[in-house]
Amino acid sequence: RRRTADAAYYHFESGDSRRARAMLERLAAELPAGPERASVLVRLAFTRAYDDDVHAASDLNLQALEEAGDDSLTRARALTGLAATLFRRREQLAEAVEYARAAVELADGLGDLAIGGDALGVQLMAESALGRPEAGATLERLLRLQPASGPVRLQAEPAWHAAIVRMWWEELERAQSEFGELLERGHETGDDSFLPYAYVLAAQNECLRGDFERAGSHAEAGQEIAEQVGQETLFGYALAVRALVDAHRGRVDEAREEGERALELARRTRSAPTLHFATSALGLLELSLARPARAVERLAPLVEFAREQEMCEPALTRFTLDYVQALIEVGRLEEAAEVSGRYESHAARLGRRGALASALRCRGLLAAARGDLDEALATLERALAEHDSVVMPFERARTLLAQGSVRRRARQRRAARESLQQARAIFEELGATLWAERARAEL
């Protein structure tokens with residue numbers, strides 16, 4: 001039985017998720033309730049989290065906890081898995097932090113640095129999503145485990161969790177380097193179970209950096225490998241990120257087809273990241289096509305979900321910015337001010353200067369919509385100053401476009417032309433065709 005469980009896990013890591021799941025399900029069905037079956041359920045939960053249903057994975061980890069008894073190792077693994085799946089669901093994030101902390105404590109007692117590092121990484125992700133100040137200290141503690149952690153799967157390494165939060169914390173160049181190293185090692189070791197997830201995250205980082213060509217290639221690579229190894233959840237996630245990249249580029253038909261297909265997969269696999277990125281892509285697409293009412297309709301449930309789950313990390317709620325702009329364009333100014341103010345306060349508190357710059361752009365657009373052009377121009381100048389600290393060219397170009405539009409309304413024609421020409425040049429260089437057209441229309 002132990003060999004069967006080990007073999008199934010190796011099948012998963014080598015890229016055969018379907019065979020791994022079938023083996024584990026048969027084994028779990030043969031075993032009576034207890035610690036031995038609990039250890040099998042933990043592995044089954046891990047495969048299902050990537051294969052077809054993150055919620056089912058949470059339930060399996062809860063069942064494993066009930067059956068583990070005094071088996072501290074299995075309890076630590078189940079707690080880590082439960083925390084990880086709750087984070088991936090973007091639900092019960094505070095509980096995810098507590099489950100991860102309990103796993104860290106058990107792992108420390110066992111002297112198991114690998115499980116301790118994995119659990120600490122999940123704790124870091126959940127703390128970051130909640131915008132908790134202790135996340136920085138958790139990262140430092142996690143990185144201290146790196147030299148002594150020994151050989152573990154790449155997705156449990158401190159470097160993996162560090163790369164993700166550094167992307168969220170707008171350390172984009174460093175995250176790019178770390179994702180690149182992880183992808184290289186994934187290919188070298190043949191860790192096909194890891195590669196789709198790594199490509200999806202690397203694609204997100206490249207999208208923020210404005211390299212849409214590379215972002216699209218990464219998302220496509222993740223999608224292809226996920227399909228080959230039978231990871232339906234990650235296939236949908238990669239497809240959703242690809243839709244977002246194509247929405248940035250103004251590839252209307254591709255973005256819409258990919259986004260709608262990803263939404264279907266999100267409903268089937270109950271994957272929150274897939275749902276969020278697909279919805280973000282379709283919302284941005286509607287805004288880009290000057291259909292703000294449709295953008296509001298698309299994005300409103302997502303914004304409300306993020307508020308209910310107390311997600312404070314701006315990187316996880318970037319769709320809020322498109323929602324606010326769409327609200328302004330349809331004249332719902334009070335609602336736009338409330339949502340924008342909440343996002344801006346999180347960005348300022350956490351020191352996310354790129355997110356703060358984009359939030360200030362929204363505040364400037366709001367002032368302009370209320371007729372206070374002087375306030376709008378002053379706020380947009382502040383936004384551009386914040387943009388200088390983080391290289392996010394697409395967002396900077398959107399702020400220049402907003403500035404040019406307000407300058408034109410204020411009859412500052414020469415200054416307006418300068419801003420709009422800069423915006424158009426950046427959009428054209430990035431290949432963001434729809435936004436380049438908006439800049440040309442303003443000119």
# chains A, B, ... in the order shown; residues from 1 in each chain; ligands from 1
call {"tool": "residues_around", "arguments": {"residues": "Phe212 (chain A)", "least_positions_apart": "3", "cutoff": "8 Å", "atoms": "only C-alpha atoms", "output": "ChimeraX atom specification"}}
result
/A:206-207,215-216,245,248-249,430-431
call {"tool": "write_last_selection", "arguments": {"atoms": "all heavy atoms", "output": "PDB file, in the first residue's frame"}}
result
ATOM      1  N   GLU A 206       5.227  39.053 -16.507  1.00  0.00           N
ATOM      2  CA  GLU A 206       5.591  39.692 -17.781  1.00  0.00           C
ATOM      3  C   GLU A 206       4.494  40.645 -18.255  1.00  0.00           C
ATOM      4  O   GLU A 206       4.785  41.679 -18.871  1.00  0.00           O
ATOM      5  CB  GLU A 206       5.860  38.627 -18.845  1.00  0.00           C
ATOM      6  CG  GLU A 206       7.079  37.765 -18.568  1.00  0.00           C
ATOM      7  CD  GLU A 206       8.348  38.578 -18.386  1.00  0.00           C
ATOM      8  OE1 GLU A 206       8.525  39.602 -19.075  1.00  0.00           O
ATOM      9  OE2 GLU A 206       9.165  38.203 -17.525  1.00  0.00           O
ATOM     10  N   CYS A 207       3.247  40.314 -17.966  1.00  0.00           N
ATOM     11  CA  CYS A 207       2.153  41.206 -18.345  1.00  0.00           C
ATOM     12  C   CYS A 207       2.279  42.538 -17.609  1.00  0.00           C
ATOM     13  O   CYS A 207       2.103  43.610 -18.193  1.00  0.00           O
ATOM     14  CB  CYS A 207       0.821  40.535 -18.035  1.00  0.00           C
ATOM     15  SG  CYS A 207      -0.620  41.387 -18.712  1.00  0.00           S
ATOM     16  N   ALA A 215       4.641  37.291 -22.198  1.00  0.00           N
ATOM     17  CA  ALA A 215       3.549  36.866 -21.323  1.00  0.00           C
ATOM     18  C   ALA A 215       2.641  35.884 -22.042  1.00  0.00           C
ATOM     19  O   ALA A 215       2.247  34.850 -21.483  1.00  0.00           O
ATOM     20  CB  ALA A 215       2.750  38.079 -20.853  1.00  0.00           C
ATOM     21  N   GLY A 216       2.315  36.180 -23.284  1.00  0.00           N
ATOM     22  CA  GLY A 216       1.469  35.282 -24.061  1.00  0.00           C
ATOM     23  C   GLY A 216       2.128  33.936 -24.302  1.00  0.00           C
ATOM     24  O   GLY A 216       1.471  32.889 -24.222  1.00  0.00           O
ATOM     25  N   VAL A 245      -3.862  38.733 -21.221  1.00  0.00           N
ATOM     26  CA  VAL A 245      -2.790  39.273 -22.057  1.00  0.00           C
ATOM     27  C   VAL A 245      -3.354  39.754 -23.393  1.00  0.00           C
ATOM     28  O   VAL A 245      -3.034  40.862 -23.865  1.00  0.00           O
ATOM     29  CB  VAL A 245      -1.694  38.211 -22.277  1.00  0.00           C
ATOM     30  CG1 VAL A 245      -0.642  38.720 -23.269  1.00  0.00           C
ATOM     31  CG2 VAL A 245      -1.023  37.849 -20.954  1.00  0.00           C
ATOM     32  N   HIS A 248      -5.178  43.026 -23.063  1.00  0.00           N
ATOM     33  CA  HIS A 248      -4.242  44.149 -23.060  1.00  0.00           C
ATOM     34  C   HIS A 248      -3.803  44.504 -24.479  1.00  0.00           C
ATOM     35  O   HIS A 248      -3.629  45.681 -24.810  1.00  0.00           O
ATOM     36  CB  HIS A 248      -3.003  43.808 -22.224  1.00  0.00           C
ATOM     37  CG  HIS A 248      -3.184  43.982 -20.752  1.00  0.00           C
ATOM     38  ND1 HIS A 248      -3.784  43.034 -19.954  1.00  0.00           N
ATOM     39  CD2 HIS A 248      -2.834  44.999 -19.914  1.00  0.00           C
ATOM     40  CE1 HIS A 248      -3.799  43.453 -18.701  1.00  0.00           C
ATOM     41  NE2 HIS A 248      -3.238  44.635 -18.651  1.00  0.00           N
ATOM     42  N   ARG A 249      -3.603  43.497 -25.288  1.00  0.00           N
ATOM     43  CA  ARG A 249      -3.110  43.735 -26.650  1.00  0.00           C
ATOM     44  C   ARG A 249      -4.216  44.174 -27.605  1.00  0.00           C
ATOM     45  O   ARG A 249      -3.934  44.521 -28.758  1.00  0.00           O
ATOM     46  CB  ARG A 249      -2.455  42.468 -27.195  1.00  0.00           C
ATOM     47  CG  ARG A 249      -1.246  42.015 -26.394  1.00  0.00           C
ATOM     48  CD  ARG A 249      -0.882  40.573 -26.682  1.00  0.00           C
ATOM     49  NE  ARG A 249       0.219  40.446 -27.623  1.00  0.00           N
ATOM     50  CZ  ARG A 249       0.767  39.283 -27.973  1.00  0.00           C
ATOM     51  NH1 ARG A 249       0.300  38.166 -27.471  1.00  0.00           N
ATOM     52  NH2 ARG A 249       1.755  39.244 -28.830  1.00  0.00           N
ATOM     53  N   LEU A 430       3.944  48.707 -26.974  1.00  0.00           N
ATOM     54  CA  LEU A 430       3.485  47.521 -26.268  1.00  0.00           C
ATOM     55  C   LEU A 430       2.604  46.635 -27.141  1.00  0.00           C
ATOM     56  O   LEU A 430       2.385  45.462 -26.808  1.00  0.00           O
ATOM     57  CB  LEU A 430       2.691  47.917 -25.019  1.00  0.00           C
ATOM     58  CG  LEU A 430       3.440  48.675 -23.926  1.00  0.00           C
ATOM     59  CD1 LEU A 430       2.468  49.067 -22.807  1.00  0.00           C
ATOM     60  CD2 LEU A 430       4.566  47.828 -23.350  1.00  0.00           C
ATOM     61  N   GLY A 431       2.081  47.187 -28.229  1.00  0.00           N
ATOM     62  CA  GLY A 431       1.136  46.434 -29.048  1.00  0.00           C
ATOM     63  C   GLY A 431      -0.268  46.461 -28.503  1.00  0.00           C
ATOM     64  O   GLY A 431      -1.090  45.594 -28.826  1.00  0.00           O
TER      65      GLY A 431
END
call {"tool": "residues_around", "arguments": {"residues": "region 92-96 of chain A", "least_positions_apart": "4", "cutoff": "7 Å", "atoms": "only C-alpha atoms", "output": "ChimeraX atom specification"}}
result
/A:83,86-87,100,126,309
call {"tool": "residues_around", "arguments": {"residues": "Tyr9 (chain A)", "least_positions_apart": "3", "cutoff": "9 Å", "atoms": "only C-alpha atoms", "output": "number ranges by chain"}}
result
A: 4-6, 12-14, 17, 20-21, 24, 43-44, 47
call {"tool": "write_last_selection", "arguments": {"atoms": "C-alpha atoms", "output": "compact mmCIF listing (two decimals), in the first residue's frame"}}
result
# COMPACT_ATOMS: atom_id res chain seq x y z
CA THR A 4 1.21 2.21 -4.36
CA ALA A 5 0.82 5.60 -2.68
CA ASP A 6 4.43 6.53 -3.48
CA PHE A 12 1.70 12.95 -10.52
CA GLU A 13 5.09 14.65 -10.30
CA SER A 14 6.19 13.17 -13.64
CA SER A 17 -2.22 13.36 -12.98
CA ALA A 20 -2.10 9.22 -10.02
CA ARG A 21 -5.65 10.14 -9.05
CA LEU A 24 -5.03 6.96 -4.99
CA ARG A 43 -1.99 12.97 -1.56
CA LEU A 44 -5.32 12.56 -3.32
CA THR A 47 -3.71 15.78 -7.12
call {"tool": "closest_residue", "arguments": {"among": "A:Ser271, A:Gln412, A:Thr80, A:Ser419", "to": "Arg396 (chain A)", "atoms": "only C-alpha atoms"}}
result
A:Ser419
call {"tool": "atom_distance", "arguments": {"atom1": "CA of Arg75 (chain A)", "atom2": "CA of Ala103 (chain A)"}}
result
7.5 Å
call {"tool": "closest_residue", "arguments": {"among": "A:Leu201, A:Leu182, A:Ala369, A:Ala163", "to": "Gly121 (chain A)", "atoms": "only C-alpha atoms"}}
result
A:Ala163
call {"tool": "closest_residue", "arguments": {"among": "A:Thr233, A:Thr138, A:Ser128, A:Gln403", "to": "Glu264 (chain A)", "atoms": "only C-alpha atoms"}}
result
A:Thr233
call {"tool": "atom_distance", "arguments": {"atom1": "CA of Val339 (chain A)", "atom2": "CA of Arg398 (chain A)"}}
result
19.0 Å
call {"tool": "residues_around", "arguments": {"residues": "Ser358 (chain A)", "least_positions_apart": "3", "cutoff": "7 Å", "atoms": "only C-alpha atoms", "output": "list in words"}}
result
Gly354, Ala355, Arg361, Cys362, Ala383 and Glu395 of chain A
call {"tool": "atom_distance", "arguments": {"atom1": "CA of Thr317 (chain A)", "atom2": "CA of Leu275 (chain A)"}}
result
12.5 Å
call {"tool": "select_by_dssp", "arguments": {"residues": "region 182-323 of chain A", "states": "alpha helix (DSSP H)", "output": "PyMOL selection string"}}
result
chain A and resi 182-189+195-209+212-229+232-249+252-269+272-288+292-308+319-323
